[in-house]
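Peer 1: Could you have a look at this structure, given as structure tokens, before my questions?
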Amino acid sequence: MMEKKYKILWLDNDFVPMIEAPSSPEEKQINLERSALLDDALLAADYDMKVSFASSYEQFEANKDVFGTFDAVIFDLHGLDHKDSFNVRVLGAAKALADKYPGLLEYVYSANPDDPVFEITIGPLMDLGRCFSKALGVQPLFTKIKEDLDSKLNYYKGHEECLALLHEGYLDSDLKLAMNALLEDYLLEKSEAIPYNNMRKIMEGMLQKMVDYGDIITGDGEKSSFNNRLDYITNRCEEYENEKGKKVILYDRPLFPNEKCSKEIKYVLDFLGNITNNNSHFLKDDPTYLRKDEASLEYNILLQKSIYPAFFLAMKWYYGFMTKYHPRTS
């Protein structure tokens with residue numbers, strides 16, 4: 001079965017098992033609500049979405065280590081505390097957790113989306129048109145989510161390799177939010193954005209895959225760090241000890257052949273590794289070489305104009321390398 005394009009995490013207290021042999025009208029009504037919500041969730045497949053359920057904040061929080069694999073979250077508003085149905089703070093805690101992951105889109109699907117108690121918490125979502133009433137059915141919600149997520153894919157135009165790396169598993173899906181943020185910031189020319197941390201994460205993911213596939217080999221007892229892995233591709237050459245016990249480096253025999261990664265690409269990878277180190281805080285303080293009325297921000301803007309193309313070139317090379325040497329069979 002083909003993998004769904006988008007993954008959704010949905011928090012609603014009705015994602016719990018049905019009450020067996022309901023005896024009272026109240027219990028029967030509860031079962032109706034739970035059944036209706038499950039029917040709503042099943043419709044997600046028609047919108048190219050796969051839904052994961054959370055019926056409590058604890059279940060929602062348990063997903064935090066894989067939040068990067070989700071594209072959007074849906075919140076109910078009431079009853080999220082199973083012990084105290086009048087506790088309205090759970091939504092705030094869940095939203096605060098989701099807010100820590102830029103690029104993770106947030107939506108509300110509730111019987112009372114306009115409840116003034118939640119005005120401060122979900123006001124920005126209301127302004128974005130991302131709050132929906134259960135009385136209107138789930139179709140408007142799913143339509144909006146798909147429209148928003150499809151529009152994000154437009155950021156990949158001209159850099160389709162970045163998306164293909166995720167879809168084909170050459171980068172782990174938990175890097176999707178980082179890649180989305182990079183492409184969005186680049187297209188919108190956000191000069192205040194700081195792309196280095198996300199670039200570093202993606203490069204780490206790339207190098208890890210190359211270790212997993214056996215393309216990068218670290219020596220016995222050698223720490224397999226980011227720098228060592230990158231150095232293996234870009235700089236290391238065959239070496240031996242001569243009869244005098246002196247190490248001789250064969251610079252014309254790189255461990256990672258130039259046929260697999262040209263010297264120019266190796267220079268670019270080196271540049272990316274260095275510039276993303278420590279999230280590139282080198283320009284944080286104004287250095288002494290600045291001229292009068294000149295700020296380091298100007299240098300940072302120019303730096304970004306070089307770092308983004310370097311990153312895209314690296315991803316283009318990596319996708320070509322992986323599809324040639326590790327093609328997908330299905």
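Lettering and numbering for the structure tokens are positional, with chains as A, B, ... in the shown order, residues counted from 1 in each chain, and ligands counted from 1 in the shown order.
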For Ala178 (chain A), work out the shell of residues within 8 Å, counting only C-alpha atoms and skipping chain neighbours fewer than 3 positions away, then give it as an MDAnalysis selection string.

Peer 2: chainID A and resid 68 103 175 181:182 198:199 201:202

Peer 1: Next, dump the selected residues to file, keeping only all heavy atoms, as an mmCIF file, in the first residue's frame.

Peer 2:
data_model
loop_
_atom_site.group_PDB
_atom_site.id
_atom_site.type_symbol
_atom_site.label_atom_id
_atom_site.label_comp_id
_atom_site.auth_asym_id
_atom_site.auth_seq_id
_atom_site.Cartn_x
_atom_site.Cartn_y
_atom_site.Cartn_z
ATOM 1 N N GLY A 68 8.801 15.522 14.798
ATOM 2 C CA GLY A 68 9.345 15.935 13.512
ATOM 3 C C GLY A 68 8.845 15.116 12.346
ATOM 4 O O GLY A 68 9.023 15.514 11.194
ATOM 5 N N GLY A 103 7.014 24.828 11.881
ATOM 6 C CA GLY A 103 6.609 24.115 10.675
ATOM 7 C C GLY A 103 5.539 23.077 10.925
ATOM 8 O O GLY A 103 4.938 22.569 9.974
ATOM 9 N N LEU A 175 13.263 14.523 9.812
ATOM 10 C CA LEU A 175 13.930 15.735 9.322
ATOM 11 C C LEU A 175 13.015 16.567 8.428
ATOM 12 O O LEU A 175 13.437 17.596 7.897
ATOM 13 C CB LEU A 175 15.196 15.356 8.545
ATOM 14 C CG LEU A 175 16.324 14.750 9.383
ATOM 15 C CD1 LEU A 175 17.408 14.176 8.477
ATOM 16 C CD2 LEU A 175 16.912 15.788 10.325
ATOM 17 N N ALA A 181 11.196 24.021 6.875
ATOM 18 C CA ALA A 181 11.543 25.356 7.360
ATOM 19 C C ALA A 181 12.621 25.998 6.491
ATOM 20 O O ALA A 181 12.552 27.186 6.164
ATOM 21 C CB ALA A 181 12.002 25.274 8.819
ATOM 22 N N LEU A 182 13.617 25.213 6.096
ATOM 23 C CA LEU A 182 14.694 25.740 5.248
ATOM 24 C C LEU A 182 14.165 26.230 3.908
ATOM 25 O O LEU A 182 14.496 27.338 3.458
ATOM 26 C CB LEU A 182 15.737 24.654 5.006
ATOM 27 C CG LEU A 182 16.788 24.431 6.079
ATOM 28 C CD1 LEU A 182 17.668 23.254 5.699
ATOM 29 C CD2 LEU A 182 17.640 25.666 6.263
ATOM 30 N N ASN A 198 19.291 23.829 11.168
ATOM 31 C CA ASN A 198 18.537 22.862 10.368
ATOM 32 C C ASN A 198 19.421 22.206 9.306
ATOM 33 O O ASN A 198 19.299 21.007 9.033
ATOM 34 C CB ASN A 198 17.341 23.547 9.709
ATOM 35 C CG ASN A 198 16.194 23.756 10.679
ATOM 36 O OD1 ASN A 198 16.053 23.023 11.660
ATOM 37 N ND2 ASN A 198 15.372 24.759 10.439
ATOM 38 N N MET A 199 20.306 22.999 8.691
ATOM 39 C CA MET A 199 21.225 22.417 7.711
ATOM 40 C C MET A 199 22.118 21.369 8.363
ATOM 41 O O MET A 199 22.385 20.317 7.792
ATOM 42 C CB MET A 199 22.078 23.515 7.076
ATOM 43 C CG MET A 199 21.325 24.411 6.116
ATOM 44 S SD MET A 199 22.417 25.642 5.368
ATOM 45 C CE MET A 199 21.236 26.535 4.336
ATOM 46 N N LYS A 201 21.445 19.552 11.035
ATOM 47 C CA LYS A 201 20.661 18.350 11.315
ATOM 48 C C LYS A 201 20.524 17.469 10.072
ATOM 49 O O LYS A 201 20.650 16.243 10.135
ATOM 50 C CB LYS A 201 19.265 18.734 11.817
ATOM 51 C CG LYS A 201 19.214 19.330 13.207
ATOM 52 C CD LYS A 201 17.787 19.695 13.556
ATOM 53 C CE LYS A 201 17.687 20.341 14.924
ATOM 54 N NZ LYS A 201 16.289 20.752 15.229
ATOM 55 N N ILE A 202 20.253 18.121 8.942
ATOM 56 C CA ILE A 202 20.037 17.365 7.710
ATOM 57 C C ILE A 202 21.337 16.722 7.234
ATOM 58 O O ILE A 202 21.360 15.571 6.788
ATOM 59 C CB ILE A 202 19.430 18.278 6.629
ATOM 60 C CG1 ILE A 202 17.992 18.654 7.039
ATOM 61 C CG2 ILE A 202 19.438 17.603 5.264
ATOM 62 C CD1 ILE A 202 17.392 19.768 6.232
#

Peer 1: Run DSSP on the backbone and give me the residues of region 5-172 of chain A it puts in alpha helix (DSSP H), as a ChimeraX atom specification.

Peer 2: /A:25-42,57-61,89-99,119-127,139-153,160-167

Peer 1: Could you name the residues that touch Ala36 (chain A) at 12 Å or less, counting only C-alpha atoms, but leaving out those on the same chain fewer than 5 positions away, as a PyMOL selection string?

Peer 2: chain A and resi 14-15+18+29-31+41-43+134-135+137-138

Peer 1: Export, as an mmCIF file, in the first residue's frame, the selected residues with all heavy atoms.

Peer 2:
data_model
loop_
_atom_site.group_PDB
_atom_site.id
_atom_site.type_symbol
_atom_site.label_atom_id
_atom_site.label_comp_id
_atom_site.auth_asym_id
_atom_site.auth_seq_id
_atom_site.Cartn_x
_atom_site.Cartn_y
_atom_site.Cartn_z
ATOM 1 N N ASP A 14 -12.092 11.576 22.924
ATOM 2 C CA ASP A 14 -12.995 10.523 22.450
ATOM 3 C C ASP A 14 -12.278 9.401 21.699
ATOM 4 O O ASP A 14 -12.934 8.457 21.243
ATOM 5 C CB ASP A 14 -14.086 11.126 21.560
ATOM 6 C CG ASP A 14 -15.237 11.685 22.384
ATOM 7 O OD1 ASP A 14 -15.510 11.128 23.463
ATOM 8 O OD2 ASP A 14 -15.854 12.680 21.963
ATOM 9 N N PHE A 15 -10.960 9.515 21.566
ATOM 10 C CA PHE A 15 -10.214 8.412 20.953
ATOM 11 C C PHE A 15 -9.891 7.350 22.004
ATOM 12 O O PHE A 15 -8.742 7.027 22.278
ATOM 13 C CB PHE A 15 -8.931 8.928 20.307
ATOM 14 C CG PHE A 15 -9.153 9.677 19.026
ATOM 15 C CD1 PHE A 15 -8.614 10.937 18.849
ATOM 16 C CD2 PHE A 15 -9.896 9.120 17.999
ATOM 17 C CE1 PHE A 15 -8.811 11.637 17.670
ATOM 18 C CE2 PHE A 15 -10.102 9.806 16.803
ATOM 19 C CZ PHE A 15 -9.561 11.076 16.638
ATOM 20 N N MET A 18 -14.928 2.085 22.977
ATOM 21 C CA MET A 18 -16.354 2.223 23.257
ATOM 22 C C MET A 18 -16.697 1.613 24.619
ATOM 23 O O MET A 18 -16.022 0.693 25.087
ATOM 24 C CB MET A 18 -17.172 1.505 22.180
ATOM 25 C CG MET A 18 -16.958 2.043 20.787
ATOM 26 S SD MET A 18 -17.771 3.624 20.545
ATOM 27 C CE MET A 18 -17.545 3.814 18.789
ATOM 28 N N GLN A 29 -24.848 7.999 24.362
ATOM 29 C CA GLN A 29 -24.454 9.227 23.677
ATOM 30 C C GLN A 29 -22.922 9.316 23.559
ATOM 31 O O GLN A 29 -22.393 9.726 22.518
ATOM 32 C CB GLN A 29 -24.985 10.450 24.431
ATOM 33 C CG GLN A 29 -24.621 11.803 23.812
ATOM 34 C CD GLN A 29 -25.141 11.955 22.397
ATOM 35 O OE1 GLN A 29 -26.221 11.446 22.061
ATOM 36 N NE2 GLN A 29 -24.390 12.640 21.559
ATOM 37 N N ILE A 30 -22.231 8.915 24.599
ATOM 38 C CA ILE A 30 -20.771 8.912 24.569
ATOM 39 C C ILE A 30 -20.262 7.994 23.462
ATOM 40 O O ILE A 30 -19.348 8.336 22.703
ATOM 41 C CB ILE A 30 -20.203 8.472 25.937
ATOM 42 C CG1 ILE A 30 -20.442 9.567 26.977
ATOM 43 C CG2 ILE A 30 -18.714 8.158 25.830
ATOM 44 C CD1 ILE A 30 -20.075 9.150 28.392
ATOM 45 N N ASN A 31 -20.880 6.814 23.342
ATOM 46 C CA ASN A 31 -20.468 5.882 22.291
ATOM 47 C C ASN A 31 -20.736 6.456 20.901
ATOM 48 O O ASN A 31 -19.947 6.246 19.969
ATOM 49 C CB ASN A 31 -21.185 4.552 22.456
ATOM 50 C CG ASN A 31 -20.428 3.604 23.383
ATOM 51 O OD1 ASN A 31 -19.363 3.943 23.881
ATOM 52 N ND2 ASN A 31 -20.997 2.429 23.622
ATOM 53 N N ALA A 41 -12.140 10.364 11.414
ATOM 54 C CA ALA A 41 -10.715 10.089 11.238
ATOM 55 C C ALA A 41 -10.458 9.195 10.028
ATOM 56 O O ALA A 41 -9.438 9.353 9.339
ATOM 57 C CB ALA A 41 -10.147 9.458 12.504
ATOM 58 N N LEU A 42 -11.367 8.263 9.759
ATOM 59 C CA LEU A 42 -11.192 7.365 8.623
ATOM 60 C C LEU A 42 -11.194 8.114 7.294
ATOM 61 O O LEU A 42 -10.567 7.681 6.320
ATOM 62 C CB LEU A 42 -12.290 6.296 8.613
ATOM 63 C CG LEU A 42 -12.203 5.224 9.705
ATOM 64 C CD1 LEU A 42 -13.430 4.328 9.656
ATOM 65 C CD2 LEU A 42 -10.930 4.400 9.543
ATOM 66 N N LEU A 43 -11.867 9.263 7.263
ATOM 67 C CA LEU A 43 -11.934 10.050 6.031
ATOM 68 C C LEU A 43 -10.604 10.710 5.686
ATOM 69 O O LEU A 43 -10.421 11.192 4.572
ATOM 70 C CB LEU A 43 -13.018 11.128 6.155
ATOM 71 C CG LEU A 43 -14.466 10.635 6.165
ATOM 72 C CD1 LEU A 43 -15.413 11.804 6.417
ATOM 73 C CD2 LEU A 43 -14.810 9.946 4.848
ATOM 74 N N LYS A 134 -17.226 20.800 15.002
ATOM 75 C CA LYS A 134 -17.614 19.428 14.697
ATOM 76 C C LYS A 134 -19.011 19.363 14.096
ATOM 77 O O LYS A 134 -19.343 18.406 13.386
ATOM 78 C CB LYS A 134 -17.539 18.578 15.965
ATOM 79 C CG LYS A 134 -16.128 18.301 16.453
ATOM 80 C CD LYS A 134 -16.111 17.406 17.686
ATOM 81 C CE LYS A 134 -14.688 17.084 18.121
ATOM 82 N NZ LYS A 134 -14.624 16.233 19.331
ATOM 83 N N ALA A 135 -19.805 20.384 14.372
ATOM 84 C CA ALA A 135 -21.163 20.405 13.836
ATOM 85 C C ALA A 135 -21.181 20.488 12.312
ATOM 86 O O ALA A 135 -22.156 20.081 11.670
ATOM 87 C CB ALA A 135 -21.933 21.589 14.425
ATOM 88 N N GLY A 137 -18.980 18.941 10.362
ATOM 89 C CA GLY A 137 -18.343 17.771 9.773
ATOM 90 C C GLY A 137 -16.864 18.000 9.542
ATOM 91 O O GLY A 137 -16.363 19.128 9.621
ATOM 92 N N VAL A 138 -16.168 16.932 9.222
ATOM 93 C CA VAL A 138 -14.709 16.984 9.163
ATOM 94 C C VAL A 138 -14.165 17.435 7.808
ATOM 95 O O VAL A 138 -12.994 17.805 7.694
ATOM 96 C CB VAL A 138 -14.136 15.595 9.525
ATOM 97 C CG1 VAL A 138 -14.246 14.627 8.343
ATOM 98 C CG2 VAL A 138 -12.705 15.693 10.026
#

Peer 1: Please identify all polymer residues within 8 Å of Lys50 (chain A), counting only C-alpha atoms, omitting same-chain residues fewer than 5 positions from it, and present them as number ranges by chain.

Peer 2: A: 4-8, 44-45

Peer 1: Those selected residues, please, written with all heavy atoms and delivered as an mmCIF file, in the first residue's frame.

Peer 2:
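Written file, out06.cif:
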data_model
loop_
_atom_site.group_PDB
_atom_site.id
_atom_site.type_symbol
_atom_site.label_atom_id
_atom_site.label_comp_id
_atom_site.auth_asym_id
_atom_site.auth_seq_id
_atom_site.Cartn_x
_atom_site.Cartn_y
_atom_site.Cartn_z
ATOM 1 N N LYS A 4 0.934 7.320 2.783
ATOM 2 C CA LYS A 4 0.217 8.584 2.694
ATOM 3 C C LYS A 4 1.208 9.741 2.700
ATOM 4 O O LYS A 4 2.278 9.676 3.312
ATOM 5 C CB LYS A 4 -0.781 8.734 3.850
ATOM 6 C CG LYS A 4 -1.897 7.684 3.829
ATOM 7 C CD LYS A 4 -2.712 7.754 2.562
ATOM 8 C CE LYS A 4 -3.798 6.699 2.532
ATOM 9 N NZ LYS A 4 -4.505 6.656 1.238
ATOM 10 N N LYS A 5 0.837 10.811 2.020
ATOM 11 C CA LYS A 5 1.746 11.941 1.876
ATOM 12 C C LYS A 5 1.978 12.676 3.189
ATOM 13 O O LYS A 5 3.085 13.123 3.485
ATOM 14 C CB LYS A 5 1.185 12.911 0.837
ATOM 15 C CG LYS A 5 2.121 14.053 0.474
ATOM 16 C CD LYS A 5 1.473 15.064 -0.453
ATOM 17 C CE LYS A 5 1.162 14.478 -1.793
ATOM 18 N NZ LYS A 5 0.636 15.486 -2.747
ATOM 19 N N TYR A 6 0.907 12.791 4.010
ATOM 20 C CA TYR A 6 0.984 13.602 5.227
ATOM 21 C C TYR A 6 0.637 12.780 6.465
ATOM 22 O O TYR A 6 -0.199 11.875 6.412
ATOM 23 C CB TYR A 6 0.024 14.789 5.130
ATOM 24 C CG TYR A 6 0.270 15.673 3.934
ATOM 25 C CD1 TYR A 6 -0.732 15.884 2.974
ATOM 26 C CD2 TYR A 6 1.489 16.303 3.750
ATOM 27 C CE1 TYR A 6 -0.513 16.702 1.870
ATOM 28 C CE2 TYR A 6 1.715 17.114 2.652
ATOM 29 C CZ TYR A 6 0.718 17.308 1.711
ATOM 30 O OH TYR A 6 0.934 18.101 0.624
ATOM 31 N N LYS A 7 1.289 13.127 7.579
ATOM 32 C CA LYS A 7 1.020 12.464 8.853
ATOM 33 C C LYS A 7 0.457 13.477 9.843
ATOM 34 O O LYS A 7 1.010 14.565 10.010
ATOM 35 C CB LYS A 7 2.306 11.849 9.415
ATOM 36 C CG LYS A 7 2.818 10.655 8.628
ATOM 37 C CD LYS A 7 4.071 10.083 9.247
ATOM 38 C CE LYS A 7 3.802 9.524 10.631
ATOM 39 N NZ LYS A 7 5.026 8.922 11.242
ATOM 40 N N ILE A 8 -0.631 13.102 10.499
ATOM 41 C CA ILE A 8 -1.348 13.983 11.406
ATOM 42 C C ILE A 8 -1.414 13.353 12.783
ATOM 43 O O ILE A 8 -1.691 12.149 12.913
ATOM 44 C CB ILE A 8 -2.795 14.242 10.908
ATOM 45 C CG1 ILE A 8 -2.809 14.593 9.411
ATOM 46 C CG2 ILE A 8 -3.467 15.327 11.748
ATOM 47 C CD1 ILE A 8 -2.101 15.859 9.043
ATOM 48 N N ALA A 44 -9.682 10.730 6.638
ATOM 49 C CA ALA A 44 -8.380 11.358 6.378
ATOM 50 C C ALA A 44 -7.678 10.697 5.198
ATOM 51 O O ALA A 44 -6.945 11.359 4.446
ATOM 52 C CB ALA A 44 -7.509 11.269 7.625
ATOM 53 N N ALA A 45 -7.877 9.405 5.028
ATOM 54 C CA ALA A 45 -7.221 8.686 3.928
ATOM 55 C C ALA A 45 -7.608 9.260 2.575
ATOM 56 O O ALA A 45 -6.808 9.248 1.626
ATOM 57 C CB ALA A 45 -7.576 7.203 3.993
#

Peer 1: Work out how far apart CA of Ala21 (chain A) and CA of Asp39 (chain A) are and give it in Å to one decimal.

Peer 2: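 Computing it gives 20.2 Å between the two atoms.
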
Peer 1: Residues within 10 Å of Thr323 (chain A), please, as a ChimeraX atom specification. Count only C-alpha atoms; anything in the same chain fewer than 6 positions from it doesn't count.

Peer 2: /A:165,168,170

Peer 1: Keeping all heavy atoms, export the residues of the selection given above as a PDB file, in the first residue's frame.

Peer 2:
ATOM      1  N   LEU A 165      14.376  13.054  -1.276  1.00  0.00           N
ATOM      2  CA  LEU A 165      15.214  12.407  -0.263  1.00  0.00           C
ATOM      3  C   LEU A 165      14.385  11.945   0.924  1.00  0.00           C
ATOM      4  O   LEU A 165      14.627  10.875   1.493  1.00  0.00           O
ATOM      5  CB  LEU A 165      16.297  13.380   0.209  1.00  0.00           C
ATOM      6  CG  LEU A 165      17.453  13.626  -0.764  1.00  0.00           C
ATOM      7  CD1 LEU A 165      18.291  14.810  -0.314  1.00  0.00           C
ATOM      8  CD2 LEU A 165      18.330  12.377  -0.879  1.00  0.00           C
ATOM      9  N   GLU A 168      11.699   9.109  -0.316  1.00  0.00           N
ATOM     10  CA  GLU A 168      12.287   7.828  -0.693  1.00  0.00           C
ATOM     11  C   GLU A 168      13.136   7.215   0.418  1.00  0.00           C
ATOM     12  O   GLU A 168      13.755   6.163   0.228  1.00  0.00           O
ATOM     13  CB  GLU A 168      13.102   7.994  -1.973  1.00  0.00           C
ATOM     14  CG  GLU A 168      12.238   8.401  -3.162  1.00  0.00           C
ATOM     15  CD  GLU A 168      13.032   8.601  -4.439  1.00  0.00           C
ATOM     16  OE1 GLU A 168      14.051   7.891  -4.628  1.00  0.00           O
ATOM     17  OE2 GLU A 168      12.638   9.453  -5.261  1.00  0.00           O
ATOM     18  N   TYR A 170      15.889   8.337   1.917  1.00  0.00           N
ATOM     19  CA  TYR A 170      17.323   8.612   1.990  1.00  0.00           C
ATOM     20  C   TYR A 170      17.646   9.615   3.098  1.00  0.00           C
ATOM     21  O   TYR A 170      18.810   9.796   3.461  1.00  0.00           O
ATOM     22  CB  TYR A 170      17.832   9.124   0.646  1.00  0.00           C
ATOM     23  CG  TYR A 170      17.734   8.103  -0.468  1.00  0.00           C
ATOM     24  CD1 TYR A 170      17.072   8.390  -1.654  1.00  0.00           C
ATOM     25  CD2 TYR A 170      18.307   6.846  -0.325  1.00  0.00           C
ATOM     26  CE1 TYR A 170      16.976   7.454  -2.679  1.00  0.00           C
ATOM     27  CE2 TYR A 170      18.222   5.893  -1.349  1.00  0.00           C
ATOM     28  CZ  TYR A 170      17.557   6.210  -2.514  1.00  0.00           C
ATOM     29  OH  TYR A 170      17.466   5.278  -3.519  1.00  0.00           O
TER      30      TYR A 170
END

Peer 1: Using DSSP on the backbone, list every residue of region 35-185 of chain A that comes out as strand (DSSP E or B), and give them as a ChimeraX atom specification.

Peer 2: /A:49-54,72-75,105-110,131-133

Peer 1: Restrict the selected residues to N, CA and C atoms and save them as a JSON list (two decimals), in the first residue's frame.

Peer 2:
[["chain", "number", "residue", "atom", "x", "y", "z"],
["A", 49, "MET", "N", -3.87, 11.56, 3.94],
["A", 49, "MET", "CA", -3.34, 11.74, 5.28],
["A", 49, "MET", "C", -3.45, 10.44, 6.08],
["A", 50, "LYS", "N", -2.48, 10.27, 6.96],
["A", 50, "LYS", "CA", -2.50, 9.17, 7.92],
["A", 50, "LYS", "C", -2.57, 9.77, 9.31],
["A", 51, "VAL", "N", -3.52, 9.30, 10.12],
["A", 51, "VAL", "CA", -3.78, 9.90, 11.43],
["A", 51, "VAL", "C", -3.29, 8.99, 12.55],
["A", 52, "SER", "N", -2.60, 9.60, 13.52],
["A", 52, "SER", "CA", -2.26, 8.94, 14.78],
["A", 52, "SER", "C", -3.08, 9.58, 15.88],
["A", 53, "PHE", "N", -3.57, 8.76, 16.81],
["A", 53, "PHE", "CA", -4.51, 9.25, 17.82],
["A", 53, "PHE", "C", -3.84, 9.44, 19.18],
["A", 54, "ALA", "N", -4.32, 10.44, 19.92],
["A", 54, "ALA", "CA", -3.95, 10.64, 21.32],
["A", 54, "ALA", "C", -5.22, 11.05, 22.05],
["A", 72, "ALA", "N", 1.13, 17.96, 10.85],
["A", 72, "ALA", "CA", 0.13, 18.81, 11.49],
["A", 72, "ALA", "C", -0.42, 18.12, 12.73],
["A", 73, "VAL", "N", -0.98, 18.92, 13.63],
["A", 73, "VAL", "CA", -1.68, 18.39, 14.80],
["A", 73, "VAL", "C", -3.08, 18.99, 14.84],
["A", 74, "ILE", "N", -4.02, 18.21, 15.36],
["A", 74, "ILE", "CA", -5.40, 18.65, 15.55],
["A", 74, "ILE", "C", -5.73, 18.57, 17.03],
["A", 75, "PHE", "N", -6.32, 19.64, 17.56],
["A", 75, "PHE", "CA", -6.67, 19.68, 18.97],
["A", 75, "PHE", "C", -8.18, 19.73, 19.17],
["A", 105, "LEU", "N", 2.04, 22.40, 11.61],
["A", 105, "LEU", "CA", 0.80, 23.18, 11.52],
["A", 105, "LEU", "C", -0.20, 22.70, 12.57],
["A", 106, "GLU", "N", -0.97, 23.64, 13.13],
["A", 106, "GLU", "CA", -1.91, 23.35, 14.22],
["A", 106, "GLU", "C", -3.33, 23.73, 13.82],
["A", 107, "TYR", "N", -4.27, 22.87, 14.22],
["A", 107, "TYR", "CA", -5.69, 23.07, 13.90],
["A", 107, "TYR", "C", -6.54, 22.70, 15.11],
["A", 108, "VAL", "N", -7.76, 23.22, 15.13],
["A", 108, "VAL", "CA", -8.73, 22.90, 16.19],
["A", 108, "VAL", "C", -9.98, 22.31, 15.55],
["A", 109, "TYR", "N", -10.44, 21.19, 16.13],
["A", 109, "TYR", "CA", -11.70, 20.58, 15.71],
["A", 109, "TYR", "C", -12.47, 20.28, 16.98],
["A", 110, "SER", "N", -13.50, 21.10, 17.24],
["A", 110, "SER", "CA", -14.17, 21.04, 18.54],
["A", 110, "SER", "C", -15.65, 21.34, 18.38],
["A", 131, "CYS", "N", -9.61, 26.84, 12.79],
["A", 131, "CYS", "CA", -10.48, 26.33, 13.85],
["A", 131, "CYS", "C", -11.82, 25.92, 13.24],
["A", 132, "PHE", "N", -12.27, 24.70, 13.53],
["A", 132, "PHE", "CA", -13.46, 24.16, 12.88],
["A", 132, "PHE", "C", -14.40, 23.54, 13.90],
["A", 133, "SER", "N", -15.69, 23.67, 13.60],
["A", 133, "SER", "CA", -16.73, 23.11, 14.46],
["A", 133, "SER", "C", -17.07, 21.69, 14.02]]

Peer 1: I need the residue nearest Asn274 (chain A) from this list: A:Gln208, A:Ser173, A:Asn227, A:Ser24. Use only C-alpha atoms for the distance.

Peer 2: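 The closest residue to Asn274 (chain A) is A:Asn227.
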
Peer 1: Could you pull the residues within 10 Å of Tyr251 (chain A), counting only C-alpha atoms, minus those fewer than 5 positions along the same chain, as a ChimeraX atom specification?

Peer 2: /A:235-239

Peer 1: Please provide the set of residues having any atom within 9 Å of Leu272 (chain A), restricted to only C-alpha atoms, with same-chain residues fewer than 4 positions apart removed, written as a PDB file with N, CA and C atoms, in the first residue's frame.

Peer 2:
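Once written, out-v1.pdb looks like this:
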ATOM      1  N   TYR A 196      21.334  27.594   9.823  1.00  0.00           N
ATOM      2  CA  TYR A 196      22.485  26.720  10.013  1.00  0.00           C
ATOM      3  C   TYR A 196      22.171  25.481  10.844  1.00  0.00           C
ATOM      4  N   MET A 199      20.306  22.999   8.691  1.00  0.00           N
ATOM      5  CA  MET A 199      21.225  22.417   7.711  1.00  0.00           C
ATOM      6  C   MET A 199      22.118  21.369   8.363  1.00  0.00           C
ATOM      7  N   ARG A 200      22.573  21.687   9.569  1.00  0.00           N
ATOM      8  CA  ARG A 200      23.441  20.760  10.287  1.00  0.00           C
ATOM      9  C   ARG A 200      22.707  19.442  10.571  1.00  0.00           C
ATOM     10  N   MET A 203      22.437  17.451   7.354  1.00  0.00           N
ATOM     11  CA  MET A 203      23.727  16.873   6.982  1.00  0.00           C
ATOM     12  C   MET A 203      24.097  15.706   7.895  1.00  0.00           C
ATOM     13  N   TYR A 267      34.608  20.276  -1.737  1.00  0.00           N
ATOM     14  CA  TYR A 267      34.857  21.610  -1.189  1.00  0.00           C
ATOM     15  C   TYR A 267      33.567  22.196  -0.602  1.00  0.00           C
ATOM     16  N   VAL A 268      32.467  21.970  -1.315  1.00  0.00           N
ATOM     17  CA  VAL A 268      31.171  22.490  -0.852  1.00  0.00           C
ATOM     18  C   VAL A 268      30.761  21.821   0.452  1.00  0.00           C
ATOM     19  N   THR A 276      28.222  25.528   9.348  1.00  0.00           N
ATOM     20  CA  THR A 276      27.090  25.176  10.217  1.00  0.00           C
ATOM     21  C   THR A 276      27.556  24.747  11.600  1.00  0.00           C
ATOM     22  N   ASN A 277      28.853  24.710  11.824  1.00  0.00           N
ATOM     23  CA  ASN A 277      29.367  24.313  13.130  1.00  0.00           C
ATOM     24  C   ASN A 277      28.929  25.306  14.203  1.00  0.00           C
ATOM     25  N   ILE A 307      25.296  30.144   1.345  1.00  0.00           N
ATOM     26  CA  ILE A 307      25.079  28.884   2.064  1.00  0.00           C
ATOM     27  C   ILE A 307      23.899  28.097   1.502  1.00  0.00           C
ATOM     28  N   ALA A 310      24.863  26.306  -1.704  1.00  0.00           N
ATOM     29  CA  ALA A 310      25.777  25.218  -1.341  1.00  0.00           C
ATOM     30  C   ALA A 310      24.999  24.034  -0.782  1.00  0.00           C
ATOM     31  N   PHE A 311      24.028  24.328   0.058  1.00  0.00           N
ATOM     32  CA  PHE A 311      23.212  23.265   0.642  1.00  0.00           C
ATOM     33  C   PHE A 311      22.420  22.523  -0.443  1.00  0.00           C
ATOM     34  N   ALA A 314      24.624  20.259  -2.374  1.00  0.00           N
ATOM     35  CA  ALA A 314      24.949  19.052  -1.608  1.00  0.00           C
ATOM     36  C   ALA A 314      23.801  18.055  -1.660  1.00  0.00           C
TER      37      ALA A 314
END
